[in-house]
Structure formats: C-alpha cells, structure tokens
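Colleague: Here it is: the structure, laid out below.
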Amino acid sequence: MQAPKGITNPTFTDWQPVDGKPACLYDPEPGNVLEDIAARVLTDFQQLPVNPGTLQAQPFPHTLKGGPTNFYTTTGEQTFDLTVLGQKVHLTATPTNYTYAFGDGTTLGPTPAAGYSIPQTEWLTNQTRTSHNYTNTGNYPATVTTSFTGTYSVNNGPPLPINGNLNITTPPTTIHVWKTEKALVADTCQENPNSWGCPGAETG
C-alpha cells in the first residue's frame, strides 16, 4: 500500500476489499501534490481575508484648500494557515506598494511609501511624500489600494514565492476641503457674537 509522492503519514479513507483484504483507491499514476499546490496557490492567496488597513489623513475630517493634507495607511504583514489538498500550507501576505486616489481625479503611486503620522504642529507646513494639495473646495472620497506579495510553505518547508499579487482597496474616506478667508474685525466673538467669522454669524 503506497501513498502519492509528497504525502507523509497518510490516512487512507477510501478503500474496498480485494481478495478479502483492504486496498486503497488512487490513480495508477498519482500526481505530485507539491506541484498541484503550486498550480493553485495564487488563487488561494487572492482569496485570503487580508485586512487592507485604513486610510488616515491629517488634518481630518476637514482640511484646507491649497494646504498639504498628509495621507498614510495602516496595514502590515499578515499570515494564514490553510489545508490545501490535505497538506498544511502557511501563507504570508506582505504589503509592498500603495496607490493613493485622492478623490479629485489625482493619484499617487504605485509607491513603496506607506506614509506616516506627523505632529499636529506640522500639519500645515510639512509636505510629506504622501501629502496632497487640493485645489478646490468640496468633499472627496479618498482611498488607497495596497498591493501584497506572498510566500507559502508546505508542511513547514522552506518559504516559496507566489507568482502574483493581491490588490485590496480600502473603503472611501471622505475629506472635506474648506477655504480660508481673512478679514479685519473690531470685536471679538465674545464682545459681538455676530461679528464676521464667529460661529452662528450671518454671512453675506
């Protein structure tokens, strides 16, 4: 009684009596299970529940027209354990590139820059690699698409590259772009709540 090549410690579940003795049923020339896994691993990889993370913006949810808005994403390497064709398969998804869509028709990427958070004191002055300047006011649905590469190993074997990528886009993050105006006023909002620029003041 022999198992197909590549299967260790087999458990035979399909058998029938032959000459009064149990005999397992398999093709006369069983396939190479490692080759079969390699042929389908990209499909399995692209069906993994990989978390795309979130798209963050500074300032948020309101930013200023003409000023830098810093974008960055929060995602990282993720691992999964599957059973494929009866074998234990360990897959790793690693983010490698990012494509930012800012919602106003402009994009950035693919780029290896995931971006990063900056202190609030730098929001209006620091132009990072993943910053964007909106030229018009409005509400913009921004997203980021992360491209993951993958590796897999079978039965604790060496990691092997997966020939293909997994691309996942975050749900839209709405950015409200406002404009700024300057004016000279004689009173503070405490002295005159209807003064220009005060909350609740009438605008003409």
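Within each chain, counting starts at residue 1; across the structure tokens, chains are named A, B, ... in the order shown, with ligands numbered 1 upward in that order.
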Apply DSSP to the structure's backbone, then extract all residues of region 33-102 of chain A labelled strand (DSSP E) and return them as number ranges by chain.
Modeller: A: 54-58, 62-64, 68-74, 78-84, 87-101
Colleague: Write out as a list in words each polymer residue whose atoms come within 7 Å of Thr99 (chain A), counting only C-alpha atoms; drop sequence neighbours fewer than 3 positions from it.
Modeller: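 My reading of the contact set: Thr107, Leu108, Gly109, Pro110, Thr111, Val144, Thr145 and Thr146 of chain A.
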Colleague: Take the residues from that selection and put them in a file with all heavy atoms, as a short mmCIF file (atom, residue, chain, number, x, y, z; two decimals), in the first residue's frame.
Modeller:
```
data_model
loop_
_atom_site.label_atom_id
_atom_site.label_comp_id
_atom_site.auth_asym_id
_atom_site.auth_seq_id
_atom_site.Cartn_x
_atom_site.Cartn_y
_atom_site.Cartn_z
N THR A 107 -3.95 60.82 -8.49
CA THR A 107 -3.46 59.64 -7.78
C THR A 107 -1.97 59.77 -7.51
O THR A 107 -1.28 60.58 -8.14
CB THR A 107 -3.72 58.35 -8.58
OG1 THR A 107 -3.03 58.43 -9.84
CG2 THR A 107 -5.20 58.13 -8.82
N LEU A 108 -1.50 58.95 -6.60
CA LEU A 108 -0.07 58.85 -6.31
C LEU A 108 0.28 57.37 -6.23
O LEU A 108 -0.33 56.62 -5.48
CB LEU A 108 0.26 59.52 -4.98
CG LEU A 108 1.69 59.29 -4.43
CD1 LEU A 108 2.72 59.94 -5.34
CD2 LEU A 108 1.80 59.80 -3.00
N GLY A 109 1.28 56.96 -7.02
CA GLY A 109 1.70 55.56 -6.94
C GLY A 109 1.53 54.83 -8.25
O GLY A 109 1.08 55.40 -9.24
N PRO A 110 1.91 53.54 -8.22
CA PRO A 110 2.32 52.78 -7.03
C PRO A 110 3.63 53.30 -6.42
O PRO A 110 4.55 53.65 -7.14
CB PRO A 110 2.51 51.35 -7.54
CG PRO A 110 1.86 51.32 -8.90
CD PRO A 110 1.90 52.70 -9.43
N THR A 111 3.66 53.33 -5.11
CA THR A 111 4.83 53.79 -4.37
C THR A 111 5.05 52.88 -3.18
O THR A 111 4.07 52.39 -2.59
CB THR A 111 4.65 55.25 -3.90
OG1 THR A 111 5.72 55.60 -3.01
CG2 THR A 111 3.33 55.43 -3.17
N VAL A 144 -6.95 54.10 -0.71
CA VAL A 144 -5.61 53.61 -1.01
C VAL A 144 -5.73 52.13 -1.37
O VAL A 144 -6.45 51.38 -0.71
CB VAL A 144 -4.63 53.81 0.17
CG1 VAL A 144 -5.09 53.09 1.42
CG2 VAL A 144 -3.22 53.37 -0.23
N THR A 145 -5.06 51.75 -2.43
CA THR A 145 -5.01 50.35 -2.85
C THR A 145 -3.64 49.80 -2.51
O THR A 145 -2.61 50.32 -2.96
CB THR A 145 -5.26 50.21 -4.36
OG1 THR A 145 -6.57 50.72 -4.66
CG2 THR A 145 -5.18 48.75 -4.80
N THR A 146 -3.62 48.75 -1.70
CA THR A 146 -2.37 48.14 -1.27
C THR A 146 -2.13 46.87 -2.08
O THR A 146 -3.03 46.04 -2.25
CB THR A 146 -2.41 47.79 0.22
OG1 THR A 146 -2.66 48.98 0.97
CG2 THR A 146 -1.09 47.18 0.67
#
```
Colleague: I'd like the neighbourhood of Leu64 (chain A) as a ChimeraX atom specification, where a residue qualifies if any of its atoms comes within 8 Å (using only C-alpha atoms), though same-chain residues fewer than 6 positions away should be ignored.
Modeller: /A:134,177-180
Colleague: Would you please work out which residue, of A:Asn136, A:Thr188, A:Thr173, A:Thr79, is nearest to Gln58 (chain A) when using only C-alpha atoms?
Modeller: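 Checking each candidate against Gln58 (chain A), we get A:Thr173 as the closest.
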Colleague: In terms of the shortest atom-to-atom distance over only C-alpha atoms, which of A:Ala101, A:Leu85, A:Ile118, A:Leu166 is closest to His132 (chain A)?
Modeller: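 Selected residue with least distance to His132 (chain A): A:Ala101.
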Colleague: Would you pick out the contacts of Gln127 (chain A) at 8 Å or less, using only C-alpha atoms, so that residues sharing its chain but fewer than 2 positions from it are not included, and give the list as a list of chain:residue names?
Modeller: A:Pro68, A:Thr69, A:Asn70, A:Thr125, A:Arg129, A:Thr130, A:Ser131
Colleague: Which is closest to Ile175 (chain A) among A:Phe80, A:Phe71, A:Phe102, A:Tyr140, if we use only C-alpha atoms?
Modeller: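 For Ile175 (chain A), the nearest of the given residues is A:Tyr140.
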Colleague: With distances taken over only C-alpha atoms, which of A:Asn194, A:Thr54, A:Ser153, A:Gln78 is nearest to His90 (chain A)?
Modeller: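 When distances to His90 (chain A) are compared using only C-alpha atoms, the smallest one comes from A:Ser153.
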Colleague: Can you tell me, as an MDAnalysis selection string, what residues are no more than 9 Å from Thr149 (chain A) when counting only C-alpha atoms, ignoring any on the same chain fewer than 3 positions away?
Modeller: chainID A and resid 92:96 161:166
Colleague: Atoms to include: N, CA, C and O atoms. Write the selected residues as a tab-separated table (two decimals), in the first residue's frame.
Modeller:
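Listed below is the output, part.tsv:
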```tsv
chain	number	residue	atom	x	y	z
A	92	THR	N	2.03	33.91	3.75
A	92	THR	CA	2.35	35.22	4.30
A	92	THR	C	2.06	36.27	3.24
A	92	THR	O	2.51	36.17	2.10
A	93	ALA	N	1.27	37.29	3.62
A	93	ALA	CA	0.96	38.42	2.73
A	93	ALA	C	1.69	39.65	3.24
A	93	ALA	O	1.52	40.05	4.39
A	94	THR	N	2.51	40.25	2.37
A	94	THR	CA	3.34	41.39	2.76
A	94	THR	C	3.02	42.60	1.89
A	94	THR	O	3.11	42.51	0.66
A	95	PRO	N	2.63	43.74	2.48
A	95	PRO	CA	2.37	44.93	1.67
A	95	PRO	C	3.66	45.48	1.08
A	95	PRO	O	4.67	45.62	1.79
A	96	THR	N	3.63	45.78	-0.22
A	96	THR	CA	4.84	46.25	-0.89
A	96	THR	C	4.67	47.57	-1.61
A	96	THR	O	5.61	48.35	-1.72
A	161	PRO	N	8.08	31.72	-3.18
A	161	PRO	CA	7.36	32.91	-3.63
A	161	PRO	C	6.09	32.54	-4.40
A	161	PRO	O	6.04	31.53	-5.09
A	162	ILE	N	5.08	33.38	-4.24
A	162	ILE	CA	3.85	33.24	-5.02
A	162	ILE	C	3.95	34.16	-6.22
A	162	ILE	O	4.24	35.35	-6.08
A	163	ASN	N	3.72	33.62	-7.39
A	163	ASN	CA	3.89	34.36	-8.63
A	163	ASN	C	2.62	35.16	-8.94
A	163	ASN	O	1.78	34.75	-9.74
A	164	GLY	N	2.49	36.30	-8.28
A	164	GLY	CA	1.33	37.15	-8.48
A	164	GLY	C	1.07	37.99	-7.24
A	164	GLY	O	1.63	37.73	-6.18
A	165	ASN	N	0.21	38.99	-7.38
A	165	ASN	CA	-0.06	39.92	-6.29
A	165	ASN	C	-1.53	39.87	-5.88
A	165	ASN	O	-2.38	39.37	-6.62
A	166	LEU	N	-1.79	40.42	-4.72
A	166	LEU	CA	-3.14	40.61	-4.22
A	166	LEU	C	-3.34	42.11	-3.99
A	166	LEU	O	-2.61	42.71	-3.20
```
